[in-house]
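Colleague: Right, I'll just put the structure down here and ask away after.
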Amino acid sequence: MSYNRVLPVLRRLPDGSWLSRIHAGTDHEHRFPVAVRVIAYRLPGVPDAEPAGYRLVTDLLDAQRYPAGEPAELYRQRWEIESVLGEIKTRQRGTAVVLASKTPDGALQQIWAHLLVHHALRVLMCRTAAAAGDLGPDRVSFTDTLRAARRSVTPGPFPLSC
(Lines give C-alpha, C1' and ligand atoms only; values in the text may rest on other atoms or scores of the structure.)
Protein backbone atom coordinates (compact mmCIF):
# COMPACT_ATOMS: atom_id res chain seq x y z
CA MET A 1 0.00 0.00 0.00
CA SER A 2 1.19 3.47 -0.80
CA TYR A 3 2.28 5.80 2.02
CA ASN A 4 0.27 8.62 0.52
CA ARG A 5 -3.01 6.79 0.02
CA VAL A 6 -5.97 8.95 0.96
CA LEU A 7 -8.21 7.17 3.45
CA PRO A 8 -11.19 9.47 4.03
CA VAL A 9 -12.91 9.30 7.41
CA LEU A 10 -16.44 8.08 6.69
CA ARG A 11 -17.20 7.40 10.35
CA ARG A 12 -15.00 7.72 13.41
CA LEU A 13 -15.25 4.76 15.81
CA PRO A 14 -15.07 4.95 19.64
CA ASP A 15 -11.61 3.32 19.76
CA GLY A 16 -10.08 6.04 17.55
CA SER A 17 -10.10 4.02 14.34
CA TRP A 18 -12.28 4.99 11.42
CA LEU A 19 -14.22 3.46 8.58
CA SER A 20 -13.08 4.34 5.09
CA ARG A 21 -13.05 2.92 1.60
CA ILE A 22 -10.39 2.05 -0.93
CA HIS A 23 -10.41 1.03 -4.55
CA ALA A 24 -8.33 -1.62 -6.26
CA GLY A 25 -5.53 -0.27 -8.42
CA THR A 26 -7.33 -1.73 -11.42
CA ASP A 27 -10.58 0.11 -10.56
CA HIS A 28 -9.61 3.28 -12.44
CA GLU A 29 -13.16 4.60 -12.50
CA HIS A 30 -13.62 4.01 -8.76
CA ARG A 31 -16.83 2.07 -9.26
CA PHE A 32 -16.22 -0.75 -6.77
CA PRO A 33 -15.15 0.61 -3.37
CA VAL A 34 -14.12 -1.76 -0.61
CA ALA A 35 -15.08 -0.95 2.98
CA VAL A 36 -12.08 -0.89 5.32
CA ARG A 37 -11.21 0.18 8.83
CA VAL A 38 -8.12 2.28 9.45
CA ILE A 39 -6.23 1.93 12.72
CA ALA A 40 -3.58 4.59 13.30
CA TYR A 41 -0.98 3.73 15.93
CA ARG A 42 2.55 4.42 17.12
CA LEU A 43 5.29 2.14 18.40
CA PRO A 44 6.59 3.83 21.56
CA GLY A 45 10.03 2.72 22.66
CA VAL A 46 10.99 1.37 19.24
CA PRO A 47 14.05 3.33 18.05
CA ASP A 48 13.51 2.82 14.31
CA ALA A 49 9.75 3.46 14.37
CA GLU A 50 8.26 6.02 12.03
CA PRO A 51 7.73 9.25 14.01
CA ALA A 52 4.43 9.89 12.24
CA GLY A 53 3.19 6.43 13.22
CA TYR A 54 1.57 3.69 11.19
CA ARG A 55 -1.83 2.95 9.66
CA LEU A 56 -3.20 -0.55 9.57
CA VAL A 57 -5.91 -1.03 6.95
CA THR A 58 -8.12 -4.03 7.66
CA ASP A 59 -11.43 -5.59 6.77
CA LEU A 60 -12.09 -6.20 10.49
CA LEU A 61 -14.76 -3.50 10.66
CA ASP A 62 -16.28 -4.28 14.09
CA ALA A 63 -14.49 -2.07 16.64
CA GLN A 64 -16.25 -3.73 19.59
CA ARG A 65 -15.18 -7.20 18.58
CA TYR A 66 -11.70 -6.09 17.46
CA PRO A 67 -10.58 -3.06 19.54
CA ALA A 68 -7.91 -1.04 17.71
CA GLY A 69 -5.04 -2.09 19.97
CA GLU A 70 -5.52 -5.81 19.30
CA PRO A 71 -5.06 -5.87 15.50
CA ALA A 72 -2.19 -3.38 15.79
CA GLU A 73 -0.43 -5.61 18.36
CA LEU A 74 -1.07 -8.74 16.28
CA TYR A 75 0.35 -7.00 13.23
CA ARG A 76 3.49 -6.07 15.18
CA GLN A 77 3.82 -9.70 16.31
CA ARG A 78 3.32 -10.88 12.73
CA TRP A 79 6.31 -8.81 11.65
CA GLU A 80 8.41 -10.24 14.46
CA ILE A 81 7.56 -13.72 13.14
CA GLU A 82 8.34 -12.64 9.57
CA SER A 83 11.70 -11.33 10.79
CA VAL A 84 12.54 -14.67 12.44
CA LEU A 85 11.58 -16.58 9.29
CA GLY A 86 13.76 -14.19 7.29
CA GLU A 87 16.66 -14.83 9.66
CA ILE A 88 16.36 -18.58 9.12
CA LYS A 89 15.62 -18.58 5.38
CA THR A 90 17.82 -15.75 4.17
CA ARG A 91 20.67 -15.16 6.59
CA GLN A 92 21.20 -18.47 8.37
CA ARG A 93 20.45 -20.93 5.58
CA GLY A 94 21.39 -18.68 2.65
CA THR A 95 19.17 -17.43 -0.18
CA ALA A 96 20.22 -19.99 -2.79
CA VAL A 97 20.31 -22.99 -0.45
CA VAL A 98 17.43 -25.44 -0.51
CA LEU A 99 16.83 -28.49 1.63
CA ALA A 100 19.04 -31.20 0.16
CA SER A 101 17.16 -34.23 1.43
CA LYS A 102 15.18 -36.33 -1.02
CA THR A 103 12.93 -37.88 1.64
CA PRO A 104 10.28 -36.35 3.91
CA ASP A 105 12.07 -37.64 7.03
CA GLY A 106 15.36 -36.18 5.86
CA ALA A 107 13.74 -32.83 5.08
CA LEU A 108 12.14 -32.81 8.52
CA GLN A 109 15.54 -33.53 10.07
CA GLN A 110 17.07 -30.60 8.17
CA ILE A 111 14.27 -28.27 9.24
CA TRP A 112 14.77 -29.25 12.89
CA ALA A 113 18.51 -28.69 12.51
CA HIS A 114 17.91 -25.16 11.19
CA LEU A 115 15.49 -24.44 14.03
CA LEU A 116 17.93 -25.73 16.66
CA VAL A 117 20.78 -23.64 15.25
CA HIS A 118 18.49 -20.59 15.23
CA HIS A 119 17.53 -21.25 18.84
CA ALA A 120 21.20 -21.59 19.84
CA LEU A 121 22.01 -18.28 18.12
CA ARG A 122 19.11 -16.56 19.89
CA VAL A 123 20.28 -17.91 23.26
CA LEU A 124 23.74 -16.53 22.48
CA MET A 125 22.15 -13.15 21.67
CA CYS A 126 20.29 -13.15 25.00
CA ARG A 127 23.47 -13.99 26.90
CA THR A 128 25.38 -11.27 25.03
CA ALA A 129 22.70 -8.72 25.90
CA ALA A 130 22.68 -9.81 29.55
CA ALA A 131 26.47 -9.50 29.75
CA ALA A 132 26.21 -5.96 28.34
CA GLY A 133 23.92 -4.99 31.21
CA ASP A 134 21.23 -2.61 29.98
CA LEU A 135 21.11 -3.91 26.39
CA GLY A 136 17.92 -5.68 25.29
CA PRO A 137 18.30 -8.90 23.27
CA ASP A 138 16.35 -7.32 20.42
CA ARG A 139 19.17 -4.77 20.05
CA VAL A 140 21.79 -7.49 19.33
CA SER A 141 22.27 -8.12 15.61
CA PHE A 142 21.30 -11.58 14.42
CA THR A 143 23.59 -11.27 11.40
CA ASP A 144 26.58 -10.25 13.53
CA THR A 145 25.90 -13.14 15.93
CA LEU A 146 25.67 -15.60 13.02
CA ARG A 147 28.95 -14.33 11.54
CA ALA A 148 30.69 -14.60 14.91
CA ALA A 149 29.41 -18.15 15.37
CA ARG A 150 30.56 -19.13 11.88
CA ARG A 151 34.03 -17.70 12.54
CA SER A 152 34.32 -19.68 15.78
CA VAL A 153 33.55 -23.04 14.16
CA THR A 154 36.56 -24.90 12.80
CA PRO A 155 35.82 -26.27 9.33
CA GLY A 156 36.53 -29.91 8.73
CA PRO A 157 35.27 -33.27 9.91
CA PHE A 158 33.38 -33.37 13.18
CA PRO A 159 35.51 -35.07 15.87
CA LEU A 160 34.13 -38.37 17.12
CA SER A 161 35.78 -38.07 20.52
CA CYS A 162 37.38 -35.43 22.76
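In the C-alpha coordinates, the first chain shown is A, the next is B, and so on; residue numbers restart at 1 for each chain, and ligands run from 1 in the order shown.
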Using only C-alpha atoms, which protein or nucleic acid residues come within 10 Å of A:Pro8? Drop anything in the same chain fewer than 4 positions from it, and give the result as a PyMOL selection string.
Modeller: chain A and resi 18-22+38
Colleague: Could you pull the residues within 10 Å of stretch 133-148 of chain A, counting only C-alpha atoms, minus those fewer than 6 positions along the same chain, as a PDB file with N, CA and C atoms, in the first residue's frame?
Modeller:
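Result saved to part07.pdb:
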ATOM      1  N   PRO A  47      13.168   2.277  18.583  1.00  0.00           N
ATOM      2  CA  PRO A  47      14.045   3.327  18.054  1.00  0.00           C
ATOM      3  C   PRO A  47      13.855   3.626  16.564  1.00  0.00           C
ATOM      4  N   VAL A  84      11.890 -13.412  12.041  1.00  0.00           N
ATOM      5  CA  VAL A  84      12.536 -14.670  12.436  1.00  0.00           C
ATOM      6  C   VAL A  84      12.624 -15.614  11.236  1.00  0.00           C
ATOM      7  N   GLU A  87      15.348 -14.476   9.099  1.00  0.00           N
ATOM      8  CA  GLU A  87      16.656 -14.833   9.660  1.00  0.00           C
ATOM      9  C   GLU A  87      17.032 -16.259   9.279  1.00  0.00           C
ATOM     10  N   ARG A  91      19.341 -15.391   6.022  1.00  0.00           N
ATOM     11  CA  ARG A  91      20.666 -15.156   6.589  1.00  0.00           C
ATOM     12  C   ARG A  91      21.327 -16.453   7.048  1.00  0.00           C
ATOM     13  N   GLN A  92      20.603 -17.255   7.808  1.00  0.00           N
ATOM     14  CA  GLN A  92      21.203 -18.471   8.374  1.00  0.00           C
ATOM     15  C   GLN A  92      21.409 -19.532   7.297  1.00  0.00           C
ATOM     16  N   VAL A 117      19.691 -24.608  15.403  1.00  0.00           N
ATOM     17  CA  VAL A 117      20.784 -23.639  15.247  1.00  0.00           C
ATOM     18  C   VAL A 117      20.262 -22.230  15.517  1.00  0.00           C
ATOM     19  N   HIS A 118      19.073 -21.916  14.999  1.00  0.00           N
ATOM     20  CA  HIS A 118      18.488 -20.592  15.229  1.00  0.00           C
ATOM     21  C   HIS A 118      18.259 -20.365  16.721  1.00  0.00           C
ATOM     22  N   LEU A 121      21.552 -19.642  18.405  1.00  0.00           N
ATOM     23  CA  LEU A 121      22.006 -18.278  18.124  1.00  0.00           C
ATOM     24  C   LEU A 121      21.225 -17.262  18.949  1.00  0.00           C
ATOM     25  N   ARG A 122      19.931 -17.476  19.088  1.00  0.00           N
ATOM     26  CA  ARG A 122      19.106 -16.562  19.888  1.00  0.00           C
ATOM     27  C   ARG A 122      19.495 -16.613  21.368  1.00  0.00           C
ATOM     28  N   VAL A 123      19.810 -17.795  21.875  1.00  0.00           N
ATOM     29  CA  VAL A 123      20.283 -17.914  23.262  1.00  0.00           C
ATOM     30  C   VAL A 123      21.583 -17.136  23.419  1.00  0.00           C
ATOM     31  N   LEU A 124      22.474 -17.265  22.447  1.00  0.00           N
ATOM     32  CA  LEU A 124      23.736 -16.528  22.480  1.00  0.00           C
ATOM     33  C   LEU A 124      23.476 -15.016  22.474  1.00  0.00           C
ATOM     34  N   MET A 125      22.504 -14.579  21.704  1.00  0.00           N
ATOM     35  CA  MET A 125      22.154 -13.154  21.670  1.00  0.00           C
ATOM     36  C   MET A 125      21.638 -12.689  23.028  1.00  0.00           C
ATOM     37  N   CYS A 126      20.808 -13.501  23.669  1.00  0.00           N
ATOM     38  CA  CYS A 126      20.289 -13.150  25.000  1.00  0.00           C
ATOM     39  C   CYS A 126      21.417 -13.063  26.017  1.00  0.00           C
ATOM     40  N   ARG A 127      22.350 -14.010  25.966  1.00  0.00           N
ATOM     41  CA  ARG A 127      23.475 -13.991  26.903  1.00  0.00           C
ATOM     42  C   ARG A 127      24.376 -12.783  26.648  1.00  0.00           C
TER      43      ARG A 127
END
Colleague: Let's see if you can do this: from backbone DSSP, list all strand (DSSP E) residues in stretch 6-130 of chain A, as a list of chain:residue names.
Modeller: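 These are the residues in question: A:Arg11, A:Arg12, A:Trp18, A:Leu19, A:Ser20, A:Arg21, A:Ile22, A:Val34, A:Ala35, A:Val36, A:Arg37, A:Val38, A:Ile39, A:Ala40, A:Tyr41, A:Tyr54, A:Arg55, A:Leu56, A:Val57, A:Thr58.
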Colleague: Mind giving me the straight-line distance from atom CA of A:Arg37 to atom CA of A:Glu80 in Å, one decimal?
Modeller: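 So the two atoms, atom CA of A:Arg37 and atom CA of A:Glu80, lie 22.9 Å apart.
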Colleague: Determine, counting only C-alpha atoms, which protein, DNA and RNA residues have an atom within 12 Å of an atom of A:Thr58; residues of the same chain fewer than 3 positions away are not included. Present the result as a list in words.
Modeller: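 Everything that qualifies: Met1, Leu7, Ser17, Trp18, Leu19, Ser20, Arg21, Ile22, Val34, Ala35, Val36, Arg37, Val38, Ile39, Ala40, Arg55, Leu61, Asp62, Ala63, Tyr66, Ala68, Pro71, Ala72 and Tyr75 of chain A.
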Colleague: Mind listing the alpha helix (DSSP H) residues of stretch 96-142 of chain A, per DSSP on the backbone, as number ranges by chain?
Modeller: A: 104-132, 142
Colleague: For the atom pair atom CA of A:Arg93 and atom CA of A:His114, what is the interatomic distance in Å to one decimal place?
Modeller: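 Between these atoms lies a distance of 7.5 Å.
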